[in-house]
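Below is data26.txt, which holds compact mmCIF, N, CA and C atoms and all ligand atoms.
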```txt
# COMPACT_ATOMS: atom_id res chain seq x y z
N MET E 1 0.84 -1.19 0.00
CA MET E 1 0.00 0.00 0.00
C MET E 1 0.88 1.25 0.00
N GLN E 2 0.53 2.22 -0.84
CA GLN E 2 1.29 3.46 -0.90
C GLN E 2 0.76 4.47 0.11
N ARG E 3 1.66 5.21 0.69
CA ARG E 3 1.24 6.31 1.57
C ARG E 3 1.39 7.61 0.82
N LEU E 4 0.42 8.47 0.98
CA LEU E 4 0.42 9.76 0.29
C LEU E 4 0.49 10.87 1.33
N THR E 5 1.44 11.76 1.15
CA THR E 5 1.55 12.91 2.05
C THR E 5 1.19 14.17 1.28
N ILE E 6 0.23 14.90 1.77
CA ILE E 6 -0.17 16.15 1.12
C ILE E 6 0.38 17.31 1.93
N LEU E 7 1.12 18.19 1.27
CA LEU E 7 1.69 19.36 1.93
C LEU E 7 0.97 20.61 1.43
N ARG E 8 0.56 21.44 2.35
CA ARG E 8 -0.15 22.66 1.97
C ARG E 8 0.70 23.89 2.28
N ILE E 9 0.57 24.93 1.45
CA ILE E 9 1.22 26.20 1.77
C ILE E 9 0.17 27.29 1.74
N ASP E 10 0.51 28.41 2.34
CA ASP E 10 -0.38 29.56 2.34
C ASP E 10 -0.52 30.11 0.92
N GLN E 11 -1.73 30.47 0.55
CA GLN E 11 -1.95 30.93 -0.82
C GLN E 11 -1.29 32.28 -1.08
N PHE E 12 -0.85 32.98 -0.05
CA PHE E 12 -0.23 34.28 -0.26
C PHE E 12 1.28 34.21 -0.42
N GLU E 13 1.83 33.05 -0.27
CA GLU E 13 3.25 32.89 -0.56
C GLU E 13 3.44 33.07 -2.07
N LEU E 14 4.58 33.62 -2.47
CA LEU E 14 4.84 33.84 -3.88
C LEU E 14 6.07 33.03 -4.30
N PRO E 15 5.90 31.75 -4.50
CA PRO E 15 7.06 30.88 -4.71
C PRO E 15 7.83 31.18 -5.99
N ILE E 16 7.18 31.76 -7.00
CA ILE E 16 7.88 32.04 -8.26
C ILE E 16 8.87 33.18 -8.08
N LYS E 17 8.54 34.12 -7.18
CA LYS E 17 9.33 35.34 -7.05
C LYS E 17 10.45 35.26 -6.02
N ILE E 18 10.56 34.13 -5.35
CA ILE E 18 11.55 34.04 -4.29
C ILE E 18 12.66 33.08 -4.68
N CYS E 19 13.91 33.54 -4.56
CA CYS E 19 15.07 32.70 -4.86
C CYS E 19 15.11 31.54 -3.87
N ASN E 20 15.20 30.32 -4.39
CA ASN E 20 15.19 29.17 -3.47
C ASN E 20 16.51 28.95 -2.76
N VAL E 21 17.55 29.74 -3.13
CA VAL E 21 18.86 29.55 -2.52
C VAL E 21 18.97 30.33 -1.21
N TYR E 22 18.78 31.67 -1.30
CA TYR E 22 18.90 32.49 -0.09
C TYR E 22 17.64 33.28 0.24
N GLY E 23 16.59 33.08 -0.55
CA GLY E 23 15.31 33.72 -0.20
C GLY E 23 15.15 35.13 -0.71
N PHE E 24 15.98 35.55 -1.67
CA PHE E 24 15.81 36.89 -2.23
C PHE E 24 14.44 37.01 -2.86
N HIS E 25 13.72 38.11 -2.56
CA HIS E 25 12.38 38.32 -3.10
C HIS E 25 12.46 39.25 -4.30
N ASN E 26 12.22 38.72 -5.49
CA ASN E 26 12.30 39.50 -6.72
C ASN E 26 10.95 40.15 -6.99
N LYS E 27 10.75 41.36 -6.46
CA LYS E 27 9.45 42.04 -6.54
C LYS E 27 9.08 42.40 -7.97
N ASP E 28 10.08 42.61 -8.83
CA ASP E 28 9.81 43.06 -10.20
C ASP E 28 9.42 41.94 -11.15
N LEU E 29 9.50 40.72 -10.69
CA LEU E 29 9.21 39.59 -11.57
C LEU E 29 7.71 39.49 -11.84
N THR E 30 7.37 39.19 -13.09
CA THR E 30 5.96 38.95 -13.42
C THR E 30 5.79 37.47 -13.75
N LEU E 31 4.55 37.02 -13.85
CA LEU E 31 4.30 35.61 -14.15
C LEU E 31 4.76 35.25 -15.56
N ALA E 32 4.96 36.27 -16.41
CA ALA E 32 5.44 36.01 -17.77
C ALA E 32 6.94 35.73 -17.81
N ASP E 33 7.65 36.08 -16.74
CA ASP E 33 9.09 35.83 -16.68
C ASP E 33 9.34 34.39 -16.27
N ARG E 34 9.61 33.54 -17.24
CA ARG E 34 9.78 32.11 -16.93
C ARG E 34 11.18 31.83 -16.39
N LYS E 35 12.15 32.60 -16.81
CA LYS E 35 13.52 32.40 -16.32
C LYS E 35 14.06 33.73 -15.80
N TRP E 36 14.80 33.68 -14.72
CA TRP E 36 15.39 34.91 -14.20
C TRP E 36 16.67 34.59 -13.43
N ASP E 37 17.54 35.60 -13.38
CA ASP E 37 18.79 35.46 -12.65
C ASP E 37 18.66 36.21 -11.32
N CYS E 38 18.99 35.54 -10.24
CA CYS E 38 18.91 36.19 -8.94
C CYS E 38 20.01 37.25 -8.82
N PRO E 39 19.65 38.52 -8.58
CA PRO E 39 20.68 39.56 -8.45
C PRO E 39 21.48 39.42 -7.15
N ASP E 40 20.99 38.63 -6.23
CA ASP E 40 21.65 38.47 -4.94
C ASP E 40 22.74 37.40 -4.99
N CYS E 41 22.42 36.23 -5.54
CA CYS E 41 23.39 35.13 -5.54
C CYS E 41 23.73 34.64 -6.94
N ASN E 42 23.19 35.32 -7.99
CA ASN E 42 23.50 35.00 -9.39
C ASN E 42 23.04 33.61 -9.84
N THR E 43 22.14 33.00 -9.11
CA THR E 43 21.59 31.72 -9.54
C THR E 43 20.64 31.94 -10.71
N LYS E 44 20.75 31.09 -11.74
CA LYS E 44 19.83 31.18 -12.86
C LYS E 44 18.61 30.30 -12.55
N HIS E 45 17.43 30.93 -12.50
CA HIS E 45 16.23 30.18 -12.12
C HIS E 45 15.34 29.89 -13.30
N ASP E 46 14.81 28.66 -13.33
CA ASP E 46 13.68 28.33 -14.18
C ASP E 46 12.46 28.50 -13.28
N GLY E 47 11.49 29.30 -13.71
CA GLY E 47 10.37 29.67 -12.85
C GLY E 47 9.67 28.49 -12.20
N ASP E 48 9.35 27.46 -12.98
CA ASP E 48 8.59 26.34 -12.44
C ASP E 48 9.40 25.52 -11.44
N ILE E 49 10.68 25.31 -11.77
CA ILE E 49 11.52 24.51 -10.87
C ILE E 49 11.77 25.28 -9.58
N ASN E 50 12.09 26.58 -9.71
CA ASN E 50 12.29 27.41 -8.53
C ASN E 50 11.05 27.40 -7.65
N ALA E 51 9.88 27.55 -8.28
CA ALA E 51 8.63 27.59 -7.53
C ALA E 51 8.38 26.26 -6.82
N SER E 52 8.65 25.16 -7.49
CA SER E 52 8.36 23.86 -6.87
C SER E 52 9.29 23.60 -5.68
N ILE E 53 10.54 24.04 -5.79
CA ILE E 53 11.47 23.88 -4.66
C ILE E 53 10.97 24.72 -3.48
N ASN E 54 10.53 25.96 -3.78
CA ASN E 54 10.04 26.83 -2.71
C ASN E 54 8.78 26.26 -2.06
N ILE E 55 7.87 25.72 -2.87
CA ILE E 55 6.63 25.16 -2.31
C ILE E 55 6.96 24.03 -1.35
N LYS E 56 7.92 23.20 -1.73
CA LYS E 56 8.32 22.10 -0.84
C LYS E 56 8.92 22.65 0.45
N LYS E 57 9.77 23.68 0.32
CA LYS E 57 10.39 24.28 1.50
C LYS E 57 9.34 24.88 2.43
N PHE E 58 8.41 25.67 1.85
CA PHE E 58 7.38 26.31 2.67
C PHE E 58 6.56 25.26 3.41
N ALA E 59 6.18 24.23 2.67
CA ALA E 59 5.32 23.19 3.24
C ALA E 59 6.04 22.48 4.39
N LEU E 60 7.32 22.16 4.19
CA LEU E 60 8.06 21.46 5.24
C LEU E 60 8.33 22.38 6.43
N ASP E 61 8.60 23.67 6.15
CA ASP E 61 8.82 24.63 7.24
C ASP E 61 7.58 24.74 8.12
N ASN E 62 6.41 24.80 7.48
CA ASN E 62 5.17 24.99 8.22
C ASN E 62 4.87 23.80 9.13
N GLN E 63 5.40 22.64 8.77
CA GLN E 63 5.13 21.45 9.57
C GLN E 63 6.31 21.08 10.45
N ASN E 64 7.31 21.98 10.50
CA ASN E 64 8.50 21.75 11.30
C ASN E 64 9.19 20.44 10.95
N LEU E 65 9.17 20.12 9.66
CA LEU E 65 9.91 18.94 9.21
C LEU E 65 11.25 19.43 8.66
N ILE E 66 12.21 18.57 8.65
CA ILE E 66 13.51 18.95 8.11
C ILE E 66 13.53 18.61 6.63
N GLY E 67 13.73 19.63 5.78
CA GLY E 67 13.77 19.42 4.34
C GLY E 67 15.06 19.93 3.76
N ILE E 68 15.07 20.10 2.46
CA ILE E 68 16.28 20.61 1.82
C ILE E 68 16.37 22.10 2.06
ZN ZN J 1 19.43 34.06 -4.92
```
Write out the structure in this file as structure tokens.
Ligand SMILES: [Zn+2]
Amino acid sequence: MQRLTILRIDQFELPIKICNVYGFHNKDLTLADRKWDCPDCNTKHDGDINASINIKKFALDNQNLIGI
């Protein structure tokens, strides 16, 4: 039998606009910007991948679990 874990995050979090490395908040980013470079740590982000990493982080933080 498979176990399924559902992680929820607050709908007001903006995972696309936040650098998953150090948490820089890119206020100028729009949803049309699929790729962006973090001006803080120079990481090149793909919007969807960056967002999915952030969603996982937020969800694990909210449940006090240890994640990446
Ligand atoms: Zn960064």
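Using all atoms listed in the file, the protein and nucleic acid residues lying at most 8 Å from the point (22.2, 30.5, -7.1) are Cys19, Asn20, Val21, Tyr22, Asp37, Cys38, Asp40, Cys41, Asn42, Thr43, Lys44 and His45 of chain E.
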Would you mind reading off the distance between atom C of E:Asp61 and atom CA of E:Leu14, one decimal, in Å? 15.3 Å
Select, from E:Thr30, E:Pro39, E:Met1, E:Ile9, the residue with the minimum atom-to-atom distance to ligand ZN 1 (chain J), counting only C-alpha atoms and all ligand atoms. E:Pro39
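The nearest approach to ligand ZN 1 (chain J) among the residues E:Leu29, E:Leu60, E:Leu4, E:Ile18, with all atoms listed in the file taken into account, belongs to E:Ile18.
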So that I can see what lies close to E:Ala51, please list as a ChimeraX atom specification the residues with an atom at most 8 Å from it, counting only C-alpha atoms and leaving out residues fewer than 2 positions away in the same chain. /E:15-18,20,47-49,53-55
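The coordinates place atom N of E:His25 at 27.2 Å from atom N of E:Ile6.
Of the listed residues (E:Phe58, E:Arg34, E:Phe24, E:Leu7), E:Phe24 comes nearest to ligand ZN 1 (chain J); the distances count only C-alpha atoms and all ligand atoms.
All residues of chain E that DSSP, run on the backbone, classes as strand (DSSP E) are E:Lys35, E:Trp36, E:Asp37, E:Lys44, E:His45, E:Asp46.
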Let's have the selection written as a PDB file, keeping the file's coordinate frame, with N, CA and C atoms.
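Result saved to again18.pdb:
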```pdb
ATOM      1  N   LYS E  35      12.150  32.600 -16.810  1.00  0.00           N
ATOM      2  CA  LYS E  35      13.520  32.400 -16.320  1.00  0.00           C
ATOM      3  C   LYS E  35      14.060  33.730 -15.800  1.00  0.00           C
ATOM      4  N   TRP E  36      14.800  33.680 -14.720  1.00  0.00           N
ATOM      5  CA  TRP E  36      15.390  34.910 -14.200  1.00  0.00           C
ATOM      6  C   TRP E  36      16.670  34.590 -13.430  1.00  0.00           C
ATOM      7  N   ASP E  37      17.540  35.600 -13.380  1.00  0.00           N
ATOM      8  CA  ASP E  37      18.790  35.460 -12.650  1.00  0.00           C
ATOM      9  C   ASP E  37      18.660  36.210 -11.320  1.00  0.00           C
ATOM     10  N   LYS E  44      20.750  31.090 -11.740  1.00  0.00           N
ATOM     11  CA  LYS E  44      19.830  31.180 -12.860  1.00  0.00           C
ATOM     12  C   LYS E  44      18.610  30.300 -12.550  1.00  0.00           C
ATOM     13  N   HIS E  45      17.430  30.930 -12.500  1.00  0.00           N
ATOM     14  CA  HIS E  45      16.230  30.180 -12.120  1.00  0.00           C
ATOM     15  C   HIS E  45      15.340  29.890 -13.300  1.00  0.00           C
ATOM     16  N   ASP E  46      14.810  28.660 -13.330  1.00  0.00           N
ATOM     17  CA  ASP E  46      13.680  28.330 -14.180  1.00  0.00           C
ATOM     18  C   ASP E  46      12.460  28.500 -13.280  1.00  0.00           C
TER      19      ASP E  46
END
```
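Between atom CA of E:Ala59 and atom CA of E:Leu31 the interatomic distance comes to 21.4 Å.
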